[in-house]
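Shown next, in structure tokens, is the structure this report addresses.
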Amino acid sequence: MSEMGNGGRRRGGMFDDLAGVASGAFSALAGLRAEVEAMARSQVESLVQRLDLVKREELDAALEVARRAREGQEALEARVAALEGRLAAAAQPVVSPPPPEPGLPPEARTEAAPDGL
């Protein structure tokens, strides 16, 4: 008789009913949570599109393209500098010694020009 509550109902049945109500409430809250998350995600995506923001993957790809372009530019700058150095070296006039003047003393004469001419 100790299991009987007011109105002749068993106490265990009342707890079962409360557990059922709580379970229903939790399941409704879980559904509400999923719905709120979906709405928030939709709002954020809409905001991102309005602000013209890019995704992280797109930003990483653009940064990689920029890095490769910078490396290519640096390599080309080094090649241009090397070619300019070679061109400057080739453009310098070759300075030859002046020819001996006629009538130089014999010690100034060479085998190639015995008469000093």
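Here's how to read the names in the structure tokens: chain A, B, ... by the order shown, residue numbers from 1 in each chain, ligand numbers from 1 in the order shown.
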As JSON, numbers by chain, please: every residue in stretch 20-105 of chain A that a backbone DSSP assignment puts in alpha helix (DSSP H). {"A": [20, 21, 22, 23, 24, 25, 26, 27, 28, 29, 30, 31, 32, 33, 34, 35, 36, 37, 38, 39, 40, 41, 42, 43, 44, 45, 46, 47, 48, 49, 50, 51, 56, 57, 58, 59, 60, 61, 62, 63, 64, 65, 66, 67, 68, 69, 70, 71, 72, 73, 74, 75, 76, 77, 78, 79, 80, 81, 82, 83, 84, 85, 86, 87, 88, 89, 90, 91]}
Grab the atom CA of A:Asp60 to atom CA of A:Glu77 distance for me, in Å with one decimal place.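 Distance between the two atoms: 25.7 Å.
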One decimal, in Å: what's the spacing between atom CA of A:Ala40 and atom CA of A:Asp52?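 Computing the Euclidean distance for atom CA of A:Ala40 and atom CA of A:Asp52 yields 18.2 Å.
Put simply, atom CA of A:Ala88 is 25.9 Å away from atom CA of A:Glu71.
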